[in-house]
$ cat my_file05.txt   # compact mmCIF, C-alpha atoms and all ligand atoms
# COMPACT_ATOMS: atom_id res chain seq x y z
CA MET Y 1 97.60 81.40 135.21
CA LYS Y 2 99.80 82.18 132.23
CA ILE Y 3 98.57 81.77 128.68
CA ARG Y 4 101.31 79.92 126.81
CA PRO Y 5 100.71 79.28 123.10
CA ARG Y 6 104.20 77.75 122.98
CA ARG Y 7 102.94 74.63 124.82
CA LEU Y 8 101.49 73.31 121.56
CA ARG Y 9 104.82 73.79 119.81
CA THR Y 10 106.76 71.66 122.28
CA THR Y 11 107.19 68.54 120.14
CA ALA Y 12 107.16 67.87 116.42
CA LEU Y 13 104.26 65.46 116.86
CA LEU Y 14 102.18 67.99 118.73
CA ARG Y 15 102.89 70.62 116.08
CA GLU Y 16 101.76 68.13 113.48
CA ALA Y 17 98.60 67.41 115.46
CA VAL Y 18 97.53 71.06 115.54
CA ALA Y 19 98.72 72.11 112.06
CA GLU Y 20 95.88 73.96 110.36
CA THR Y 21 96.99 73.67 106.75
CA GLN Y 22 97.49 70.55 104.73
CA PHE Y 23 97.27 69.93 101.02
CA ARG Y 24 97.14 66.96 98.68
CA VAL Y 25 99.30 66.44 95.60
CA ALA Y 26 96.03 66.18 93.68
CA GLN Y 27 95.60 69.92 94.26
CA LEU Y 28 98.78 70.83 92.37
CA VAL Y 29 98.88 71.64 88.66
CA GLN Y 30 102.09 71.26 86.64
CA PRO Y 31 102.47 73.71 83.71
CA HIS Y 32 104.09 72.57 80.43
CA PHE Y 33 105.45 74.47 77.43
CA VAL Y 34 104.81 72.48 74.26
CA ILE Y 35 106.87 72.99 71.09
CA GLU Y 36 106.97 71.57 67.56
CA GLY Y 37 109.62 68.91 66.97
CA ASN Y 38 108.31 65.80 68.65
CA ASN Y 39 111.52 64.86 70.43
CA ASP Y 40 112.92 68.31 71.07
CA VAL Y 41 113.72 69.52 74.55
CA GLN Y 42 114.89 73.07 75.24
CA ALA Y 43 116.08 74.42 78.55
CA ILE Y 44 114.68 77.79 79.68
CA SER Y 45 117.55 79.81 81.09
CA SER Y 46 115.46 81.91 83.46
CA MET Y 47 113.56 78.90 84.81
CA PRO Y 48 116.08 76.24 85.85
CA GLY Y 49 114.49 72.79 85.94
CA ILE Y 50 111.70 73.67 83.49
CA GLU Y 51 111.94 72.78 79.81
CA ARG Y 52 110.02 73.30 76.61
CA MET Y 53 109.15 69.93 75.10
CA GLY Y 54 107.92 68.36 71.88
CA ILE Y 55 104.83 66.18 72.14
CA ALA Y 56 106.59 62.80 72.37
CA ARG Y 57 108.80 64.02 75.20
CA LEU Y 58 105.85 65.64 76.94
CA VAL Y 59 103.90 62.38 76.90
CA GLU Y 60 106.89 60.61 78.52
CA ARG Y 61 107.46 63.30 81.10
CA VAL Y 62 103.82 63.39 82.11
CA GLY Y 63 103.95 59.61 82.50
CA ARG Y 64 106.76 59.99 85.05
CA ASP Y 65 104.93 62.83 86.78
CA LEU Y 66 101.85 60.65 87.12
CA GLU Y 67 103.93 58.23 89.14
CA LEU Y 68 104.70 61.11 91.50
CA GLY Y 69 100.97 61.72 91.89
CA LEU Y 70 100.91 64.81 89.68
CA THR Y 71 97.62 64.26 87.91
CA ASN Y 72 96.95 67.78 86.59
CA VAL Y 73 98.72 69.44 83.67
CA LEU Y 74 98.27 72.92 82.22
CA LEU Y 75 99.43 73.19 78.60
CA PHE Y 76 100.86 76.23 76.80
CA GLY Y 77 101.46 75.86 73.07
CA LEU Y 78 104.42 77.68 71.51
CA THR Y 79 103.61 78.02 67.85
CA GLN Y 80 105.95 79.32 65.16
CA HIS Y 81 103.03 80.57 63.10
CA LYS Y 82 102.10 84.05 64.25
CA ASP Y 83 99.77 86.38 62.39
CA LEU Y 84 97.29 89.17 63.10
CA ARG Y 85 94.23 86.93 63.67
CA GLY Y 86 95.66 84.11 65.80
CA ALA Y 87 94.89 81.47 63.15
CA SER Y 88 97.21 78.85 64.68
CA ALA Y 89 95.39 79.13 68.01
CA THR Y 90 92.09 77.94 66.55
CA ASP Y 91 93.54 75.19 64.33
CA ALA Y 92 92.02 71.80 65.18
CA ASN Y 93 95.42 70.29 64.35
CA GLY Y 94 97.41 72.93 66.18
CA LEU Y 95 100.05 72.14 68.75
CA VAL Y 96 97.81 72.06 71.82
CA PRO Y 97 95.01 69.92 70.30
CA ARG Y 98 97.66 67.44 69.09
CA ALA Y 99 99.30 67.40 72.51
CA VAL Y 100 95.94 66.85 74.21
CA ARG Y 101 95.12 63.91 71.92
CA ALA Y 102 98.56 62.34 72.43
CA LEU Y 103 98.37 62.69 76.21
CA ARG Y 104 94.87 61.25 76.31
CA GLU Y 105 95.82 58.38 74.06
CA ARG Y 106 98.73 57.37 76.27
CA HIS Y 107 97.45 58.25 79.74
CA GLY Y 108 93.67 58.06 79.40
CA GLU Y 109 91.59 59.06 82.39
CA ARG Y 110 94.54 59.00 84.80
CA LEU Y 111 95.26 62.56 83.76
CA THR Y 112 93.38 65.86 83.98
CA ILE Y 113 94.31 68.01 81.02
CA MET Y 114 93.95 71.78 81.34
CA THR Y 115 94.81 74.13 78.49
CA ASP Y 116 95.68 77.81 78.53
CA VAL Y 117 93.45 79.80 76.19
CA CYS Y 118 95.08 83.04 75.08
CA LEU Y 119 96.21 84.59 71.82
CA CYS Y 120 99.48 86.22 72.92
CA GLY Y 121 101.53 83.29 71.58
CA SER Y 122 99.86 83.26 68.17
CA LEU Y 123 99.53 86.98 67.45
CA GLU Y 124 102.48 88.73 65.81
CA HIS Y 125 102.39 91.68 68.21
CA GLY Y 126 102.29 89.49 71.32
CA HIS Y 127 99.18 91.04 72.88
CA CYS Y 128 96.35 88.90 74.26
CA GLY Y 129 93.71 90.31 71.91
CA VAL Y 130 93.24 91.62 68.38
CA LEU Y 131 95.06 94.93 67.96
CA LYS Y 132 93.82 97.81 65.83
CA ASP Y 133 95.16 101.37 65.75
CA GLY Y 134 97.05 100.76 68.96
CA LYS Y 135 93.98 99.43 70.80
CA ILE Y 136 93.14 95.91 71.95
CA LEU Y 137 89.66 95.14 70.63
CA ASN Y 138 87.64 93.33 73.27
CA ASP Y 139 84.59 92.03 71.46
CA GLU Y 140 86.44 91.17 68.25
CA THR Y 141 88.71 88.93 70.32
CA LEU Y 142 85.91 86.88 71.91
CA PRO Y 143 84.99 84.67 68.90
CA ILE Y 144 88.66 83.77 68.37
CA LEU Y 145 89.10 82.81 72.02
CA SER Y 146 85.89 80.79 71.84
CA ALA Y 147 87.11 78.95 68.73
CA MET Y 148 90.43 78.24 70.47
CA ALA Y 149 88.69 76.84 73.54
CA LEU Y 150 86.44 74.73 71.31
CA ALA Y 151 89.45 73.29 69.46
CA HIS Y 152 90.92 72.26 72.82
CA ALA Y 153 87.62 70.80 74.04
CA ARG Y 154 87.19 68.81 70.83
CA ALA Y 155 90.67 67.36 71.27
CA GLY Y 156 89.62 66.17 74.71
CA ALA Y 157 90.76 68.80 77.22
CA ASP Y 158 89.02 68.44 80.58
CA VAL Y 159 89.43 72.10 81.50
CA VAL Y 160 89.96 75.16 79.32
CA ALA Y 161 91.55 78.16 81.01
CA PRO Y 162 91.23 81.61 79.42
CA SER Y 163 94.05 83.91 80.54
CA ASP Y 164 93.52 86.91 78.25
CA MET Y 165 91.44 89.17 80.54
CA MET Y 166 89.00 90.32 77.86
CA ASP Y 167 85.61 91.24 79.35
CA GLY Y 168 82.85 88.73 78.69
CA ARG Y 169 85.07 85.91 77.50
CA VAL Y 170 83.84 83.40 80.06
CA ALA Y 171 80.23 83.78 78.89
CA ALA Y 172 81.30 83.69 75.24
CA ILE Y 173 83.41 80.53 75.66
CA ARG Y 174 80.76 78.80 77.79
CA SER Y 175 78.02 79.38 75.26
CA THR Y 176 80.23 78.20 72.39
CA LEU Y 177 81.15 75.02 74.28
CA ASP Y 178 77.54 74.34 75.26
CA ALA Y 179 76.21 74.95 71.75
CA SER Y 180 78.74 72.43 70.44
CA GLY Y 181 77.77 69.77 72.95
CA HIS Y 182 80.80 70.19 75.23
CA LEU Y 183 78.66 70.53 78.32
CA ASP Y 184 81.18 68.71 80.48
CA THR Y 185 84.26 70.69 79.56
CA ALA Y 186 85.04 72.77 82.63
CA LEU Y 187 86.14 76.37 82.48
CA MET Y 188 88.85 77.65 84.81
CA SER Y 189 89.03 81.40 84.43
CA TYR Y 190 92.14 83.42 85.12
CA SER Y 191 89.54 85.65 86.71
CA THR Y 192 91.73 88.01 88.70
CA LYS Y 193 94.92 88.43 86.73
CA PHE Y 194 97.21 91.34 87.45
CA ALA Y 195 99.52 93.14 85.04
CA SER Y 196 102.63 91.81 86.75
CA ALA Y 197 106.37 92.01 86.41
CA PHE Y 198 106.45 88.50 87.86
CA TYR Y 199 105.57 87.08 84.41
CA GLY Y 200 108.99 88.02 83.03
CA PRO Y 201 110.54 84.53 82.82
CA PHE Y 202 107.33 83.05 81.36
CA ARG Y 203 107.41 85.49 78.50
CA GLU Y 204 110.91 84.29 77.66
CA ALA Y 205 109.77 80.68 78.02
CA ALA Y 206 106.65 81.12 75.88
CA ASP Y 207 107.97 83.78 73.52
CA SER Y 208 104.86 85.81 74.27
CA ALA Y 209 106.09 89.25 75.32
CA PRO Y 210 104.19 92.15 73.72
CA LYS Y 211 106.33 93.75 71.03
CA SER Y 212 105.15 97.20 72.06
CA GLY Y 213 103.43 98.67 75.07
CA ASP Y 214 102.27 96.61 78.03
CA ARG Y 215 99.22 94.64 79.13
CA LYS Y 216 97.84 97.27 81.50
CA SER Y 217 94.74 98.04 79.43
CA TYR Y 218 93.44 94.53 80.07
CA GLN Y 219 95.30 92.98 83.00
CA MET Y 220 94.58 94.48 86.43
CA ASP Y 221 96.37 97.18 88.40
CA HIS Y 222 98.19 95.53 91.30
CA ARG Y 223 96.98 98.19 93.72
CA ASN Y 224 93.32 97.17 93.45
CA ALA Y 225 91.74 94.68 95.83
CA ARG Y 226 88.05 95.57 95.46
CA GLU Y 227 88.30 95.43 91.69
CA ALA Y 228 90.05 92.07 92.10
CA LEU Y 229 86.96 90.72 93.83
CA ARG Y 230 84.65 92.27 91.24
CA GLU Y 231 86.55 90.63 88.37
CA SER Y 232 86.32 87.17 89.91
CA LEU Y 233 82.68 87.46 90.92
CA LEU Y 234 81.77 88.57 87.39
CA ASP Y 235 83.45 85.46 85.96
CA GLU Y 236 81.58 83.29 88.45
CA GLN Y 237 78.30 84.84 87.24
CA GLU Y 238 79.33 84.21 83.64
CA GLY Y 239 79.70 80.52 84.40
CA ALA Y 240 83.32 79.91 85.38
CA ASP Y 241 83.70 76.59 87.22
CA ILE Y 242 87.01 77.54 88.85
CA LEU Y 243 88.30 81.04 89.56
CA MET Y 244 91.95 82.06 89.81
CA VAL Y 245 94.23 84.67 91.33
CA LYS Y 246 97.46 85.31 89.49
CA PRO Y 247 100.21 85.92 90.54
CA ALA Y 248 99.85 84.33 93.98
CA LEU Y 249 102.57 85.34 96.39
CA SER Y 250 102.04 89.11 96.38
CA TYR Y 251 98.27 88.60 96.35
CA LEU Y 252 97.52 86.30 99.29
CA ASP Y 253 95.11 88.91 100.64
CA VAL Y 254 93.20 88.81 97.35
CA ILE Y 255 93.01 85.00 97.50
CA ARG Y 256 91.45 85.21 100.96
CA THR Y 257 88.97 87.92 100.01
CA ILE Y 258 87.71 86.03 96.96
CA LYS Y 259 87.64 82.71 98.81
CA ASP Y 260 85.32 84.20 101.42
CA ARG Y 261 82.89 85.43 98.76
CA THR Y 262 82.64 82.56 96.28
CA LEU Y 263 81.33 79.01 96.36
CA VAL Y 264 83.37 77.73 93.42
CA PRO Y 265 86.93 76.41 93.79
CA LEU Y 266 89.73 78.94 93.66
CA ALA Y 267 93.12 78.40 92.02
CA ALA Y 268 96.30 80.38 92.69
CA TYR Y 269 99.02 80.65 90.05
CA ASN Y 270 102.51 80.57 91.59
CA VAL Y 271 103.97 82.27 88.52
CA SER Y 272 107.31 82.11 86.73
CA GLY Y 273 108.94 85.10 88.45
CA GLU Y 274 108.05 83.73 91.86
CA TYR Y 275 109.64 80.42 90.86
CA SER Y 276 112.75 81.96 89.36
CA MET Y 277 113.43 84.13 92.41
CA VAL Y 278 113.44 81.04 94.62
CA LYS Y 279 115.68 79.20 92.16
CA ALA Y 280 118.17 82.07 91.97
CA ALA Y 281 118.32 82.54 95.72
CA ALA Y 282 118.68 78.79 96.30
CA ALA Y 283 121.45 78.51 93.68
CA ASN Y 284 123.34 81.17 95.58
CA GLY Y 285 122.87 79.35 98.87
CA TRP Y 286 120.84 82.25 100.26
CA VAL Y 287 117.75 80.25 101.16
CA ASP Y 288 116.99 76.61 101.86
CA GLU Y 289 114.94 75.69 98.79
CA LYS Y 290 113.05 72.81 100.37
CA LEU Y 291 111.87 74.93 103.30
CA VAL Y 292 111.07 77.95 101.17
CA VAL Y 293 109.03 75.92 98.66
CA ARG Y 294 107.04 74.29 101.48
CA GLU Y 295 106.41 77.66 103.10
CA ILE Y 296 105.31 79.22 99.82
CA LEU Y 297 102.94 76.40 98.86
CA ASN Y 298 101.46 76.23 102.36
CA SER Y 299 100.93 79.98 102.38
CA MET Y 300 98.82 79.80 99.24
CA PHE Y 301 96.66 76.99 100.58
CA ARG Y 302 96.41 78.74 103.97
CA ALA Y 303 95.22 81.89 102.19
CA GLY Y 304 92.39 79.86 100.67
CA ALA Y 305 93.56 78.35 97.39
CA ASP Y 306 91.96 75.03 96.50
CA LEU Y 307 94.36 74.42 93.61
CA VAL Y 308 97.89 75.73 93.12
CA ILE Y 309 99.53 75.91 89.72
CA SER Y 310 103.25 75.75 90.39
CA TYR Y 311 106.50 75.01 88.55
CA HIS Y 312 107.88 73.64 91.85
CA GLY Y 313 105.52 70.63 91.88
CA ARG Y 314 107.63 68.03 90.12
CA GLU Y 315 110.90 68.70 91.91
CA ALA Y 316 109.17 69.01 95.26
CA ARG Y 317 107.65 65.55 94.75
CA GLU Y 318 110.80 63.98 93.30
CA LYS Y 319 112.84 65.12 96.29
CA GLY Y 320 110.18 64.33 98.86
CA TRP Y 321 109.76 67.94 99.98
CA ILE Y 322 105.99 67.53 99.90
C1 LIG Y 401 99.27 84.32 78.72
C2 LIG Y 401 99.81 83.91 80.04
C3 LIG Y 401 100.85 84.50 80.80
C4 LIG Y 401 101.04 83.66 81.90
C5 LIG Y 401 100.11 82.63 81.81
N1 LIG Y 401 99.35 82.81 80.67
C6 LIG Y 401 101.70 85.68 80.53
C7 LIG Y 401 101.13 87.01 80.46
O1 LIG Y 401 99.92 87.25 80.66
O2 LIG Y 401 101.91 87.90 80.15
C8 LIG Y 401 102.08 83.85 82.97
C9 LIG Y 401 102.51 82.61 83.67
C10 LIG Y 401 103.76 82.73 84.46
O3 LIG Y 401 104.37 83.79 84.59
O4 LIG Y 401 104.16 81.70 85.02
N2 LIG Y 401 98.46 85.43 78.70

$ encode --input "my_file05.txt" --output "structure tokens"
Amino acid sequence: MKIRPRRLRTTALLREAVAETQFRVAQLVQPHFVIEGNNDVQAISSMPGIERMGIARLVERVGRDLELGLTNVLLFGLTQHKDLRGASATDANGLVPRAVRALRERHGERLTIMTDVCLCGSLEHGHCGVLKDGKILNDETLPILSAMALAHARAGADVVAPSDMMDGRVAAIRSTLDASGHLDTALMSYSTKFASAFYGPFREAADSAPKSGDRKSYQMDHRNAREALRESLLDEQEGADILMVKPALSYLDVIRTIKDRTLVPLAAYNVSGEYSMVKAAAANGWVDEKLVVREILNSMFRAGADLVISYHGREAREKGWI
């Protein structure tokens, strides 16, 4: 007798019958960069196919995405008003709260609205926390993040997603939300977030690059897998409803490790640099974009992601790749 695994690969139908990984469009999250200027649209040179949009255009675009089955959005606000305390981030009439209200008004409960909670876009120096004497102050940053999350929750966000990597922010945000009666606002923590060169295009898109230094004193060292697990488990204990690994593609092992040790859903962020590499290679004719995008998305779900945040979502649906 010969063992022949190839038997089950004989026909397309048989391969389909034994495929282990499958995902639903409802598991994808489409990120959006929101700008002032209601009807403005700006291309992002390093991320072909992705645009920054004013609120009116965003509402329209999300309407079209809903028809493709894309029911989850993750909002990033690009404010012009930067200072040393992140005042625009906590403004009840800031860009993100206004965008949330406009989306809810037009699309109601058909849409799940997630918002990124971080100060890098509203602080002059571009770091994710309050800076003093060259140091990022952890505990001084927590009340500002909590106020930002509260502003988003009050506007009607379903899920707030802190991406700053300050210690203790999940507990701080949760208790602020609960004390203000926002018991049902879910918290998706960027729980295991690495200091990564794959964020390069995003920082151009969101104008959020640190003006000096790097993010290595708060984001994780990419060599550490045990610490990656520790970070996520701590956020679960602090009350995170969804955990996240970011970036995704170089960290599939980390996704699997965390998945095996947690009972809450796990998101993977297929970040800007991962997207832009595929776009550049495809534009040069070096890879088949459809096949590569399918392979990448499937790999993240196979590794254990329950949700995948990806810039590929819209195009993949429009073109019937997924
Ligand atoms: C803000 C934030 C970043 C990303 C999401 N939220 C950038 C960073 O931490 O430098 C990256 C997303 C992407 O690259 O697609 N802290």

$ residues_near_ligand --input "my_file05.txt" --ligand "ligand LIG 401 (chain Y)" --cutoff "8 Å" --atoms "all atoms listed in the file" --output "number ranges by chain"
Y: 76, 116-121, 128, 163-164, 193, 195-196, 198-203, 208-209, 215, 219, 247, 269-273, 311

$ closest_residue --input "my_file05.txt" --among "Y:Ala283, Y:Ala268, Y:Leu150, Y:Val18" --to "Ala92 of chain Y" --atoms "all atoms listed in the file"
Y:Leu150

$ atom_distance --input "my_file05.txt" --atom1 "atom CA of Gln27 of chain Y" --atom2 "atom CA of Asp306 of chain Y"
6.7 Å

$ atom_distance --input "my_file05.txt" --atom1 "atom CA of Lys132 of chain Y" --atom2 "atom CA of Gly86 of chain Y"
13.8 Å

$ residues_around --input "my_file05.txt" --residues "Leu74 of chain Y" --least-positions-apart "2" --cutoff "10 Å" --atoms "all atoms listed in the file" --output "PyMOL selection string"
chain Y and resi 29-33+72+76+112-116+157+159-161+309-310

$ atom_distance --input "my_file05.txt" --atom1 "atom CA of Gly49 of chain Y" --atom2 "atom CA of Thr71 of chain Y"
19.0 Å

$ residues_around --input "my_file05.txt" --residues "Ala89 of chain Y" --least-positions-apart "6" --cutoff "10 Å" --atoms "only C-alpha atoms" --output "ChimeraX atom specification"
/Y:77-79,81-82,95-97,117-123,144-145,147-149,151-152

$ build_atoms --input "my_file05.txt" --residues "segment 296-307 of chain Y" --atoms "all heavy atoms" --output "compact mmCIF listing (two decimals), keeping the file's coordinate frame"
# COMPACT_ATOMS: atom_id res chain seq x y z
N ILE Y 296 106.05 78.52 100.86
CA ILE Y 296 105.31 79.22 99.82
C ILE Y 296 104.02 78.47 99.47
O ILE Y 296 102.94 79.06 99.40
CB ILE Y 296 106.20 79.41 98.57
CG1 ILE Y 296 107.23 80.51 98.84
CG2 ILE Y 296 105.37 79.72 97.33
CD1 ILE Y 296 108.28 80.67 97.74
N LEU Y 297 104.13 77.16 99.23
CA LEU Y 297 102.94 76.40 98.86
C LEU Y 297 101.92 76.41 100.00
O LEU Y 297 100.72 76.64 99.79
CB LEU Y 297 103.30 74.96 98.47
CG LEU Y 297 104.14 74.82 97.19
CD1 LEU Y 297 104.52 73.36 96.95
CD2 LEU Y 297 103.41 75.38 95.96
N ASN Y 298 102.39 76.20 101.22
CA ASN Y 298 101.46 76.23 102.36
C ASN Y 298 100.79 77.58 102.50
O ASN Y 298 99.61 77.67 102.83
CB ASN Y 298 102.18 75.87 103.66
CG ASN Y 298 102.23 74.36 103.89
OD1 ASN Y 298 101.26 73.65 103.61
ND2 ASN Y 298 103.36 73.87 104.37
N SER Y 299 101.52 78.64 102.21
CA SER Y 299 100.93 79.98 102.38
C SER Y 299 99.77 80.18 101.41
O SER Y 299 98.77 80.81 101.76
CB SER Y 299 101.99 81.08 102.20
OG SER Y 299 102.34 81.24 100.83
N MET Y 300 99.89 79.64 100.23
CA MET Y 300 98.82 79.80 99.24
C MET Y 300 97.58 78.99 99.63
O MET Y 300 96.45 79.47 99.53
CB MET Y 300 99.33 79.38 97.85
CG MET Y 300 100.39 80.36 97.36
SD MET Y 300 101.28 79.79 95.92
CE MET Y 300 102.58 81.06 95.89
N PHE Y 301 97.81 77.78 100.12
CA PHE Y 301 96.66 76.99 100.58
C PHE Y 301 96.06 77.61 101.85
O PHE Y 301 94.84 77.66 102.00
CB PHE Y 301 97.07 75.53 100.82
CG PHE Y 301 97.28 74.78 99.52
CD1 PHE Y 301 98.56 74.43 99.07
CD2 PHE Y 301 96.20 74.42 98.74
CE1 PHE Y 301 98.74 73.75 97.88
CE2 PHE Y 301 96.37 73.73 97.54
CZ PHE Y 301 97.65 73.40 97.10
N ARG Y 302 96.92 78.09 102.75
CA ARG Y 302 96.41 78.74 103.97
C ARG Y 302 95.55 79.95 103.63
O ARG Y 302 94.51 80.21 104.23
CB ARG Y 302 97.60 79.17 104.84
CG ARG Y 302 97.19 79.66 106.23
CD ARG Y 302 98.34 80.43 106.89
NE ARG Y 302 98.64 81.62 106.12
CZ ARG Y 302 99.86 81.98 105.68
NH1 ARG Y 302 100.92 81.24 105.94
NH2 ARG Y 302 100.01 83.08 104.97
N ALA Y 303 95.97 80.69 102.60
CA ALA Y 303 95.22 81.89 102.19
C ALA Y 303 93.86 81.52 101.62
O ALA Y 303 92.96 82.36 101.56
CB ALA Y 303 96.03 82.68 101.17
N GLY Y 304 93.71 80.27 101.15
CA GLY Y 304 92.39 79.86 100.67
C GLY Y 304 92.38 79.21 99.30
O GLY Y 304 91.31 78.91 98.77
N ALA Y 305 93.55 79.01 98.70
CA ALA Y 305 93.56 78.35 97.39
C ALA Y 305 93.12 76.89 97.53
O ALA Y 305 93.47 76.22 98.50
CB ALA Y 305 94.96 78.42 96.78
N ASP Y 306 92.34 76.44 96.56
CA ASP Y 306 91.96 75.03 96.50
C ASP Y 306 92.89 74.26 95.56
O ASP Y 306 93.09 73.07 95.70
CB ASP Y 306 90.52 74.89 95.99
CG ASP Y 306 89.54 75.58 96.92
OD1 ASP Y 306 89.39 75.10 98.06
OD2 ASP Y 306 88.96 76.60 96.52
N LEU Y 307 93.41 74.98 94.57
CA LEU Y 307 94.36 74.42 93.61
C LEU Y 307 95.54 75.38 93.53
O LEU Y 307 95.34 76.60 93.59
CB LEU Y 307 93.74 74.38 92.20
CG LEU Y 307 92.60 73.42 91.94
CD1 LEU Y 307 91.84 73.85 90.69
CD2 LEU Y 307 93.16 72.03 91.75
